[in-house]
$ cat structure-v2.cif   # mmCIF, C-alpha atoms
data_work
#
loop_
_atom_site.label_atom_id
_atom_site.label_comp_id
_atom_site.auth_asym_id
_atom_site.auth_seq_id
_atom_site.Cartn_x
_atom_site.Cartn_y
_atom_site.Cartn_z
CA MET A 1 2.58 29.33 -11.10
CA LYS A 2 0.83 28.46 -7.84
CA LYS A 3 -2.44 29.84 -9.19
CA LEU A 4 -1.96 27.92 -12.38
CA ILE A 5 -1.41 24.72 -10.41
CA LEU A 6 -4.59 25.23 -8.41
CA ILE A 7 -6.60 25.98 -11.50
CA CYS A 8 -5.35 23.00 -13.50
CA LEU A 9 -6.75 20.34 -11.18
CA CYS A 10 -7.94 16.97 -12.34
CA PHE A 11 -9.77 17.56 -15.60
CA SER A 12 -7.70 14.81 -17.16
CA LEU A 13 -9.78 12.30 -15.23
CA LEU A 14 -12.75 13.02 -17.46
CA ALA A 15 -10.85 11.65 -20.41
CA TRP A 16 -9.61 8.60 -18.54
CA LYS A 17 -10.43 5.25 -20.01
CA LEU A 18 -8.95 1.83 -19.38
CA PRO A 19 -7.84 -0.11 -22.41
CA ILE A 20 -10.28 -2.94 -21.94
CA ASN A 21 -11.35 -5.58 -24.39
CA LEU A 22 -15.14 -5.47 -24.15
CA SER A 23 -15.71 -8.79 -25.89
CA LYS A 24 -13.42 -10.43 -23.33
CA LEU A 25 -15.33 -8.81 -20.50
CA SER A 26 -18.61 -10.06 -21.91
CA LYS A 27 -17.27 -13.64 -22.15
CA ALA A 28 -15.94 -13.43 -18.61
CA LYS A 29 -19.32 -12.23 -17.36
CA LYS A 30 -21.05 -15.19 -19.03
CA GLY A 31 -18.55 -17.50 -17.35
CA LEU A 32 -19.14 -15.95 -13.98
CA GLU A 33 -22.84 -16.73 -14.10
CA LEU A 34 -22.03 -20.44 -14.27
CA VAL A 35 -19.75 -20.74 -11.30
CA SER A 36 -20.45 -21.07 -7.65
CA GLY A 37 -18.56 -21.96 -4.49
CA ALA A 38 -16.46 -20.26 -1.89
CA SER A 39 -15.04 -16.86 -2.72
CA HIS A 40 -11.33 -16.69 -3.28
CA GLN A 41 -9.45 -14.97 -0.48
CA ILE A 42 -6.76 -12.80 -2.01
CA SER A 43 -3.36 -13.53 -0.49
CA GLU A 44 -0.82 -10.80 0.18
CA GLU A 45 1.23 -12.03 -2.78
CA GLU A 46 -1.77 -11.70 -5.08
CA GLU A 47 -2.47 -8.27 -3.59
CA TYR A 48 1.08 -7.31 -4.56
CA TYR A 49 0.70 -8.41 -8.18
CA ILE A 50 -2.68 -6.81 -8.68
CA GLY A 51 -1.30 -3.66 -7.02
CA ARG A 52 1.58 -3.55 -9.48
CA ALA A 53 -0.87 -3.77 -12.40
CA VAL A 54 -3.07 -1.03 -10.92
CA ALA A 55 0.01 1.16 -10.40
CA ALA A 56 1.17 0.41 -13.97
CA ASN A 57 -2.22 1.52 -15.25
CA ILE A 58 -2.13 4.74 -13.20
CA LEU A 59 1.37 5.41 -14.56
CA SER A 60 0.03 5.11 -18.09
CA GLN A 61 -2.43 7.90 -17.27
CA TYR A 62 -0.10 10.12 -15.23
CA PRO A 63 3.62 10.56 -15.94
CA LEU A 64 5.95 9.63 -13.09
CA TRP A 65 7.87 12.59 -11.63
CA LYS A 66 11.36 11.14 -11.24
CA ASN A 67 12.66 13.61 -8.69
CA ASN A 68 15.21 11.78 -6.55
CA ASP A 69 15.30 14.18 -3.58
CA LEU A 70 11.53 14.46 -3.27
CA THR A 71 10.93 10.74 -3.84
CA ARG A 72 13.46 9.88 -1.12
CA TYR A 73 11.87 12.42 1.24
CA LEU A 74 8.40 11.03 0.57
CA ASN A 75 9.65 7.49 1.21
CA LEU A 76 11.26 8.54 4.51
CA ILE A 77 8.03 10.16 5.74
CA GLY A 78 5.95 7.23 4.50
CA LYS A 79 8.17 4.57 6.04
CA ALA A 80 8.24 6.46 9.35
CA LEU A 81 4.44 6.22 9.38
CA VAL A 82 4.42 2.59 8.27
CA LEU A 83 6.46 1.56 11.33
CA LYS A 84 3.49 2.54 13.50
CA SER A 85 0.76 1.23 11.19
CA GLU A 86 -1.27 -1.92 11.76
CA ARG A 87 0.24 -3.59 8.67
CA PRO A 88 3.93 -2.65 8.78
CA GLU A 89 4.97 -5.81 6.91
CA ILE A 90 3.23 -6.44 3.62
CA PHE A 91 4.36 -8.70 0.79
CA GLY A 92 6.40 -6.22 -1.24
CA GLY A 93 6.70 -3.40 1.31
CA TYR A 94 5.39 0.15 0.96
CA HIS A 95 6.63 2.38 -1.84
CA PHE A 96 5.89 6.03 -2.48
CA GLY A 97 6.07 7.83 -5.80
CA LEU A 98 5.26 11.20 -7.34
CA LEU A 99 3.00 11.87 -10.29
CA ASP A 100 3.88 14.79 -12.52
CA SER A 101 0.43 16.31 -12.50
CA ASN A 102 -0.88 19.66 -11.28
CA GLU A 103 -4.07 17.95 -10.18
CA ALA A 104 -4.19 17.73 -6.37
CA ASN A 105 -4.64 14.05 -5.62
CA ALA A 106 -3.29 10.91 -4.00
CA PHE A 107 -3.84 7.22 -4.79
CA SER A 108 -3.04 3.99 -3.02
CA ALA A 109 -2.80 0.83 -5.10
CA PRO A 110 -3.23 -2.53 -3.38
CA GLY A 111 -0.03 -3.91 -1.95
CA GLY A 112 1.34 -0.55 -0.81
CA ILE A 113 2.28 1.48 -3.89
CA ILE A 114 1.18 5.01 -3.02
CA PHE A 115 1.26 8.04 -5.31
CA LEU A 116 1.03 11.74 -4.56
CA THR A 117 0.69 14.27 -7.35
CA ARG A 118 2.92 17.31 -7.74
CA GLY A 119 -0.22 19.43 -7.14
CA ILE A 120 -0.89 18.02 -3.68
CA VAL A 121 2.80 18.09 -2.68
CA ILE A 122 3.00 21.77 -3.58
CA MET A 123 -0.24 22.49 -1.74
CA ALA A 124 1.28 21.19 1.54
CA GLU A 125 2.98 23.83 3.68
CA ASN A 126 4.99 21.59 5.97
CA GLU A 127 6.16 18.01 6.46
CA ASP A 128 3.29 17.18 8.81
CA GLU A 129 0.75 17.99 6.10
CA LEU A 130 2.54 15.70 3.65
CA ALA A 131 2.53 13.03 6.37
CA ALA A 132 -1.23 13.55 6.83
CA ILE A 133 -1.93 12.74 3.18
CA LEU A 134 0.35 9.71 3.28
CA ALA A 135 -1.18 8.50 6.56
CA HIS A 136 -4.65 8.57 4.97
CA GLU A 137 -3.45 6.54 1.99
CA ILE A 138 -1.50 4.07 4.17
CA GLN A 139 -4.68 3.43 6.13
CA HIS A 140 -6.53 2.57 2.91
CA VAL A 141 -3.84 -0.05 2.22
CA ALA A 142 -3.94 -1.32 5.81
CA ALA A 143 -7.71 -1.76 5.56
CA LYS A 144 -7.31 -3.40 2.11
CA ASP A 145 -9.81 -0.87 0.76
CA PRO A 146 -8.47 -1.05 -2.83
CA LEU A 147 -9.15 -4.81 -2.92
CA LYS A 148 -12.72 -4.26 -1.75
CA ALA A 149 -13.37 -2.51 -5.06
CA ILE A 150 -13.17 -5.88 -6.84
CA LYS A 151 -16.63 -7.21 -7.65
CA SER A 152 -17.54 -10.20 -5.50
CA GLN A 153 -18.53 -12.33 -8.52
CA ARG A 154 -14.92 -12.29 -9.70
CA MET A 155 -13.69 -13.71 -6.39
CA LYS A 156 -16.39 -16.40 -6.50
CA ALA A 157 -15.19 -17.45 -9.95
CA LEU A 158 -11.56 -17.44 -8.83
CA GLY A 159 -12.52 -19.51 -5.79
CA THR A 160 -13.76 -22.23 -8.11
CA PHE A 161 -10.52 -22.20 -10.12
CA ALA A 162 -8.37 -22.30 -6.99
CA ALA A 163 -10.35 -25.30 -5.76
CA GLY A 164 -8.73 -27.23 -8.57
CA GLU A 165 -11.50 -27.88 -11.08
CA ALA A 166 -10.16 -25.48 -13.64
CA ILE A 167 -6.40 -25.47 -13.37
CA GLY A 168 -6.01 -25.17 -17.13
CA SER A 169 -8.13 -22.02 -17.36
CA SER A 170 -5.28 -19.56 -17.02
CA ASN A 171 -6.87 -17.33 -19.64
CA GLN A 172 -10.01 -17.07 -17.54
CA VAL A 173 -7.93 -16.23 -14.45
CA PHE A 174 -6.13 -13.62 -16.55
CA SER A 175 -9.50 -12.15 -17.61
CA ILE A 176 -10.54 -11.92 -13.98
CA PHE A 177 -7.17 -10.32 -13.19
CA GLN A 178 -7.70 -7.67 -15.88
CA ASP A 179 -11.27 -7.01 -14.80
CA SER A 180 -10.19 -6.72 -11.17
CA VAL A 181 -7.61 -4.11 -12.19
CA LEU A 182 -10.42 -2.26 -13.96
CA ASP A 183 -12.60 -2.39 -10.83
CA ILE A 184 -9.84 -0.98 -8.63
CA THR A 185 -8.52 1.67 -10.98
CA GLY A 186 -12.07 2.82 -11.68
CA THR A 187 -12.64 3.25 -7.96
CA LEU A 188 -9.33 5.02 -7.35
CA LEU A 189 -9.57 7.44 -10.26
CA GLN A 190 -13.28 7.98 -10.75
CA LYS A 191 -15.83 6.37 -8.50
CA GLY A 192 -14.08 6.76 -5.15
CA TYR A 193 -14.33 4.74 -1.96
CA SER A 194 -17.45 4.72 0.17
CA ARG A 195 -17.90 7.53 2.68
CA GLY A 196 -17.42 4.99 5.46
CA GLN A 197 -14.07 3.88 4.03
CA GLU A 198 -12.92 7.49 3.66
CA LYS A 199 -14.01 8.41 7.17
CA ASN A 200 -12.24 5.37 8.58
CA ALA A 201 -9.03 6.24 6.70
CA ASP A 202 -9.18 9.82 8.00
CA LEU A 203 -9.80 8.81 11.62
CA GLN A 204 -7.15 6.09 11.54
CA ALA A 205 -4.76 8.59 9.96
CA LEU A 206 -5.19 10.87 12.99
CA ASP A 207 -4.06 8.03 15.26
CA LEU A 208 -1.17 7.13 12.96
CA LEU A 209 0.07 10.72 12.86
CA LEU A 210 -0.09 10.94 16.64
CA ALA A 211 1.70 7.60 17.09
CA THR A 212 4.51 8.71 14.76
CA GLY A 213 4.97 12.10 16.43
CA TYR A 214 3.39 14.20 13.69
CA GLU A 215 0.73 16.83 14.43
CA PRO A 216 -2.72 15.28 13.74
CA ARG A 217 -4.09 18.78 13.15
CA ALA A 218 -2.10 18.72 9.91
CA LEU A 219 -4.84 16.56 8.36
CA LEU A 220 -7.36 19.27 9.22
CA SER A 221 -5.22 22.05 7.76
CA MET A 222 -4.69 20.03 4.58
CA LEU A 223 -8.44 19.46 4.21
CA GLN A 224 -9.05 23.18 4.71
CA LYS A 225 -6.73 23.88 1.77
CA VAL A 226 -8.66 21.38 -0.35
CA LYS A 227 -11.94 23.02 0.71
CA ALA A 228 -10.62 26.42 -0.37
CA VAL A 229 -9.79 24.99 -3.77
CA GLU A 230 -13.21 23.33 -4.06
CA LYS A 231 -14.83 26.72 -3.41
CA LYS A 232 -13.15 27.96 -6.55
CA LYS A 233 -15.10 25.27 -8.40
CA VAL A 234 -11.90 23.39 -9.10
CA LYS A 235 -11.84 19.71 -8.36
CA ALA A 236 -9.33 18.30 -5.90
CA PHE A 237 -9.36 14.78 -4.50
CA SER A 238 -12.18 14.26 -6.97
CA ALA A 239 -12.78 10.65 -5.94
CA HIS A 240 -13.09 11.64 -2.27
CA PRO A 241 -16.08 13.03 -0.33
CA SER A 242 -16.19 16.83 -0.10
CA ALA A 243 -13.56 18.39 2.14
CA ALA A 244 -16.26 20.19 4.17
CA LYS A 245 -17.78 16.88 5.29
CA ARG A 246 -14.38 15.44 6.13
CA ILE A 247 -13.40 18.55 8.11
CA ALA A 248 -16.46 18.18 10.35
CA TYR A 249 -15.64 14.70 11.61
CA VAL A 250 -11.88 15.26 11.69
CA GLU A 251 -12.44 18.29 13.94
CA ASP A 252 -14.69 16.21 16.20
CA ASN A 253 -12.04 13.52 16.57
CA LEU A 254 -8.86 15.58 16.95
CA LYS A 255 -6.83 14.54 19.93
CA PRO A 256 -4.61 16.96 21.76
CA ALA A 257 -1.10 16.55 20.51
CA VAL A 258 1.72 16.89 20.69
CA ASN A 259 5.29 16.83 19.92
CA LYS A 260 6.36 20.32 18.97
CA ASP A 261 10.04 19.61 19.59
CA GLY A 262 10.84 18.67 16.05
CA ASN A 263 8.79 21.32 14.25
CA GLY A 264 11.84 23.47 13.46
CA ALA A 265 13.93 20.61 12.11
CA ARG A 266 11.03 19.23 10.09
CA MET A 267 10.27 22.65 8.61
CA ALA A 268 13.92 23.17 7.71
CA ARG A 269 14.14 19.96 5.72
CA PHE A 270 10.71 20.55 4.13
CA LYS A 271 11.86 23.96 2.91
CA LEU A 272 15.11 22.53 1.62
CA ILE A 273 13.47 19.72 -0.35
CA VAL A 274 9.93 20.86 -1.22
CA SER A 275 9.63 24.64 -1.12
CA ARG A 276 11.87 25.25 -4.12
CA HIS A 277 9.32 23.43 -6.28
CA LYS A 278 6.54 25.84 -5.31
CA ASN A 279 7.28 28.58 -7.84
CA MET B 1 -2.10 -13.80 16.39
CA LEU B 2 -2.09 -15.94 19.52
CA LEU B 3 0.19 -18.93 19.01
CA MET B 4 1.88 -21.49 21.24
CA ALA B 5 5.64 -21.91 21.48
CA GLY B 6 6.93 -24.64 19.19
CA LYS B 7 4.60 -23.73 16.34
CA VAL B 8 6.14 -23.37 12.92
CA LEU B 9 5.71 -20.05 11.14
CA VAL B 10 6.19 -19.40 7.44
CA VAL B 11 7.38 -16.06 6.09
CA ARG B 12 4.67 -14.68 3.82
CA VAL B 13 6.32 -11.45 2.66
CA MET B 14 8.87 -11.24 -0.14
CA ARG B 15 11.63 -10.37 2.30
CA SER B 16 12.00 -9.33 5.90
CA ASN B 17 14.68 -9.19 8.53
CA LEU B 18 15.38 -11.13 11.65
CA GLN B 19 15.83 -8.32 14.18
CA ALA B 20 18.04 -8.31 17.28
CA LYS B 21 15.20 -6.69 19.29
CA PRO B 22 11.43 -6.42 18.80
CA ASP B 23 11.95 -3.16 16.93
CA PHE B 24 12.23 -2.55 13.18
CA LEU B 25 15.13 -0.17 13.76
CA SER B 26 17.20 -2.59 15.83
CA SER B 27 20.13 -4.29 14.11
CA SER B 28 19.28 -6.89 11.51
CA LEU B 29 20.67 -10.36 12.23
CA ALA B 30 19.75 -11.91 8.88
CA ALA B 31 17.62 -11.35 5.80
CA ILE B 32 14.64 -13.73 5.68
CA GLU B 33 12.84 -14.55 2.46
CA LYS B 34 9.34 -15.71 1.57
CA GLY B 35 8.65 -19.32 2.40
CA ALA B 36 11.32 -19.58 5.12
CA LYS B 37 10.20 -21.62 8.15
CA LEU B 38 10.73 -20.32 11.66
CA GLU B 39 10.12 -21.98 14.99
CA LEU B 40 8.17 -19.83 17.44
CA ILE B 41 9.88 -19.47 20.82
CA GLU B 42 7.69 -16.81 22.41
CA THR B 43 5.41 -13.87 21.66
CA GLN B 44 6.26 -10.32 22.73
CA GLY B 45 3.48 -7.88 21.84
CA ASN B 46 3.29 -7.74 18.04
CA TRP B 47 6.60 -9.58 17.68
CA PHE B 48 7.62 -13.20 17.67
CA LEU B 49 10.93 -14.45 19.04
CA VAL B 50 11.83 -17.21 16.58
CA ARG B 51 14.57 -19.65 15.66
CA THR B 52 15.59 -20.21 12.04
CA ALA B 53 16.38 -23.61 10.52
CA GLY B 54 20.03 -22.64 10.94
CA GLY B 55 19.54 -22.09 14.68
CA LEU B 56 19.68 -18.27 14.63
CA LYS B 57 17.39 -16.60 17.18
CA GLY B 58 15.79 -13.20 16.63
CA TYR B 59 12.56 -11.26 16.30
CA ILE B 60 10.13 -10.95 13.41
CA HIS B 61 6.95 -8.86 13.29
CA GLN B 62 3.79 -10.93 13.36
CA THR B 63 2.46 -9.36 10.15
CA ALA B 64 5.41 -10.89 8.25
CA VAL B 65 4.50 -14.50 9.01
CA ALA B 66 1.63 -16.97 8.98
CA GLU B 67 1.14 -20.16 10.90
CA SER B 68 2.41 -23.05 8.82
CA LYS B 69 0.73 -26.43 8.55
CA THR B 70 4.19 -27.96 8.39
CA SER B 71 5.39 -30.07 11.30
CA LEU B 72 8.58 -29.03 13.03
CA SER B 73 10.53 -31.57 10.98
CA GLY B 74 9.38 -29.67 7.90
CA ILE B 75 11.75 -26.84 8.65
CA MET B 76 14.76 -29.10 8.40
CA PRO B 77 16.65 -28.98 5.10
CA GLY B 78 15.84 -31.80 2.71
CA LYS B 79 12.40 -32.59 4.13
CA LYS B 80 9.21 -31.83 2.32
CA GLY B 81 6.69 -29.58 4.05
CA ALA B 82 2.95 -29.15 3.57
CA SER B 83 3.61 -25.52 2.67
CA GLU B 84 4.52 -26.62 -0.82
CA ASP B 85 0.84 -27.42 -1.32
CA GLU B 86 -0.05 -23.99 0.03
CA LEU B 87 2.33 -22.36 -2.45
CA ALA B 88 0.89 -24.39 -5.33
CA LEU B 89 -2.62 -23.24 -4.40
CA ALA B 90 -1.53 -19.61 -4.31
CA ALA B 91 -0.04 -19.99 -7.79
CA LYS B 92 -3.52 -20.54 -9.23
CA GLY B 93 -4.65 -16.99 -8.38
CA PHE B 94 -3.18 -13.63 -9.39
CA ASN B 95 0.53 -14.02 -9.87
CA GLU B 96 3.58 -12.96 -11.85
CA GLY B 97 2.28 -14.87 -14.87
CA ASN B 98 -0.69 -12.49 -15.10
CA GLU B 99 1.68 -9.53 -15.00
CA LYS B 100 3.86 -11.04 -17.74
CA LYS B 101 0.80 -11.23 -20.02
CA LEU B 102 0.05 -7.57 -19.34
CA ARG B 103 3.62 -6.33 -19.83
CA GLY B 104 3.94 -4.53 -23.12
CA SER B 105 0.19 -3.91 -23.34
CA LYS B 106 -0.98 -0.41 -24.02
CA GLY B 107 -2.15 1.20 -20.81
CA PHE B 108 0.35 -0.46 -18.46
CA ASN B 109 3.67 1.15 -17.59
CA PHE B 110 5.52 -1.44 -15.52
CA ALA B 111 8.94 0.15 -16.14
CA ASP B 112 7.99 3.14 -14.00
CA VAL B 113 6.40 0.88 -11.36
CA ASP B 114 9.83 -0.76 -11.05
CA TRP B 115 11.48 2.66 -10.71
CA VAL B 116 9.20 3.40 -7.74
CA ILE B 117 9.64 -0.02 -6.16
CA ASP B 118 13.42 0.04 -6.50
CA TRP B 119 13.62 2.90 -3.99
CA ASN B 120 15.03 1.55 -0.78
CA ILE B 121 15.44 3.35 2.51
CA SER B 122 18.02 1.83 4.84
CA ASN B 123 17.27 1.44 8.52
CA PRO B 124 20.11 3.79 9.57
CA ALA B 125 18.76 6.48 7.20
CA LEU B 126 15.24 6.06 8.57
CA ALA B 127 16.50 6.12 12.16
CA ALA B 128 18.41 9.36 11.48
CA PHE B 129 15.32 10.89 9.84
CA LEU B 130 13.17 10.05 12.87
CA ARG B 131 15.79 11.34 15.30
CA GLU B 132 16.32 14.62 13.44
CA GLY B 133 12.58 15.30 13.19
CA LYS B 134 11.95 14.25 16.82
CA LEU B 135 9.61 11.55 15.59
CA LYS B 136 8.90 8.29 17.40
#
$ encode --input "structure-v2.cif" --output "structure tokens"
Amino acid sequence: MKKLILICLCFSLLAWKLPINLSKLSKAKKGLELVSGASHQISEEEEYYIGRAVAANILSQYPLWKNNDLTRYLNLIGKALVLKSERPEIFGGYHFGLLDSNEANAFSAPGGIIFLTRGIVIMAENEDELAAILAHEIQHVAAKDPLKAIKSQRMKALGTFAAGEAIGSSNQVFSIFQDSVLDITGTLLQKGYSRGQEKNADLQALDLLLATGYEPRALLSMLQKVKAVEKKKVKAFSAHPSAAKRIAYVEDNLKPAVNKDGNGARMARFKLIVSRHKN
Amino acid sequence: MLLMAGKVLVVRVMRSNLQAKPDFLSSSLAAIEKGAKLELIETQGNWFLVRTAGGLKGYIHQTAVAESKTSLSGIMPGKKGASEDELALAAKGFNEGNEKKLRGSKGFNFADVDWVIDWNISNPALAAFLREGKLK
């Protein structure tokens, strides 16, 4: 089963396509050429609503794994990390869910909805490794990386509407909303963040793990597992830079940990909740 | 956020808690909702000691609030604050109305988003989890 899981990684992405109305997109683009003015600054409330739409789109591509024990465990680990993050309070709070996919991957929607796939959960060998993946995704949210995927022309157009000249143009705002969802989901599922954004999320994740009492080296061990899978010519974290590149700078920036006191208790609960799903 | 005592803060998250201490895991004195006005008493690290319109004192994390343009009188019940203009401006961007238009569309599964968001971890459960795992 484990082999099967590792082999069945992420080919579904190739078939991924957003249900977008191309004629609408074309009209919106024409409109965008006409507007000018200050770019709209997305508020945390707007981040929440666009994040919900991005998450809804991801959940139309990947089925949700409604496993109560695992979802609760993931939320406990995630919220433990969030307490030490630079954005502990966001509009709708952080929420962690599981995708029923053998692909090894993780996604963070704007506004703090974070998904891990069954494949990546099963790949982890202890709680600290699960925390490492979550810490990386939390740092993307903290840095508002998903929002940076939205094309700047859309925010310029929205800035003009928000200034009051086009209050009645709710359909145009809705078009920009849809297109922004497309920008973000395309980046999360296909294009990927920039190398700089990924490196920043990895390095900030090391600090977050340390601050929470998790072993930062767990990020390195998780990346080594991904690298081993990549060697088998199977894609994992397909929208991320190669694991080999990430390992190099993570190794260079590892800080001596650590808090080994809780390793036994953390392993016991990991085995109880996660290990039975490995076969 | 460096602010002077006496400033009025507005809660910008959907909901938060007024904490007894500058610590998320301290006891919660009251639930605070978006738009609530708080008077700043003093800053302690990343936390603000604040007073609610009802006179309750407690701590709120600085990421949960923004500086309001409202005068102090604006936090009193029955008076109109400038924040209403701020809220009206925000309503012109991405909001619940956009989501309503998307609901039911092919390619958007909001029912399962709600399943994920409905998960709530209580502070006592989180505190026990941290304690058991020797986390900070």
$ resolve_selection --input "structure-v2.cif" --expression "the PyMOL selection byres ((chain A) within 8 of (chain B))" --output "VMD selection string"
chain A and resid 18 to 19 42 to 47 49 to 50 52 to 53 55 to 61 64 72 75 to 76 79 to 80 83 87 to 92 95 to 97 113 158 161 to 162 167 173 to 174 177 211 to 214 259 261 to 263 265 to 266
$ closest_residue --input "structure-v2.cif" --among "B:Leu9, B:Ala66, B:Ile41, B:Ala36" --to "Gly54 (chain B)" --atoms "all atoms listed in the file"
B:Ala36
$ axis_aligned_box --input "structure-v2.cif" --around "region 130-138 of chain A" --padding-each-side "5 Å" --output "lines of an AutoDock Vina configuration file"
center_x = -1.1
center_y = 9.9
center_z = 4.4
size_x = 17.2
size_y = 21.6
size_z = 14.8
$ atom_distance --input "structure-v2.cif" --atom1 "CA of Met155 (chain A)" --atom2 "CA of Gly104 (chain B)"
26.0 Å
$ closest_residue --input "structure-v2.cif" --among "B:Ala5, B:Ala30, B:Ala128, B:Leu56" --to "Gln44 (chain B)" --atoms "only C-alpha atoms"
B:Ala5
$ atom_distance --input "structure-v2.cif" --atom1 "CA of Asp202 (chain A)" --atom2 "CA of Gln139 (chain A)"
8.0 Å
$ atom_distance --input "structure-v2.cif" --atom1 "CA of Leu223 (chain A)" --atom2 "CA of Arg246 (chain A)"
7.4 Å
$ closest_residue --input "structure-v2.cif" --among "B:Lys69, B:Ser26, B:Gly6, B:Pro124" --to "Thr43 (chain B)" --atoms "only C-alpha atoms"
B:Gly6
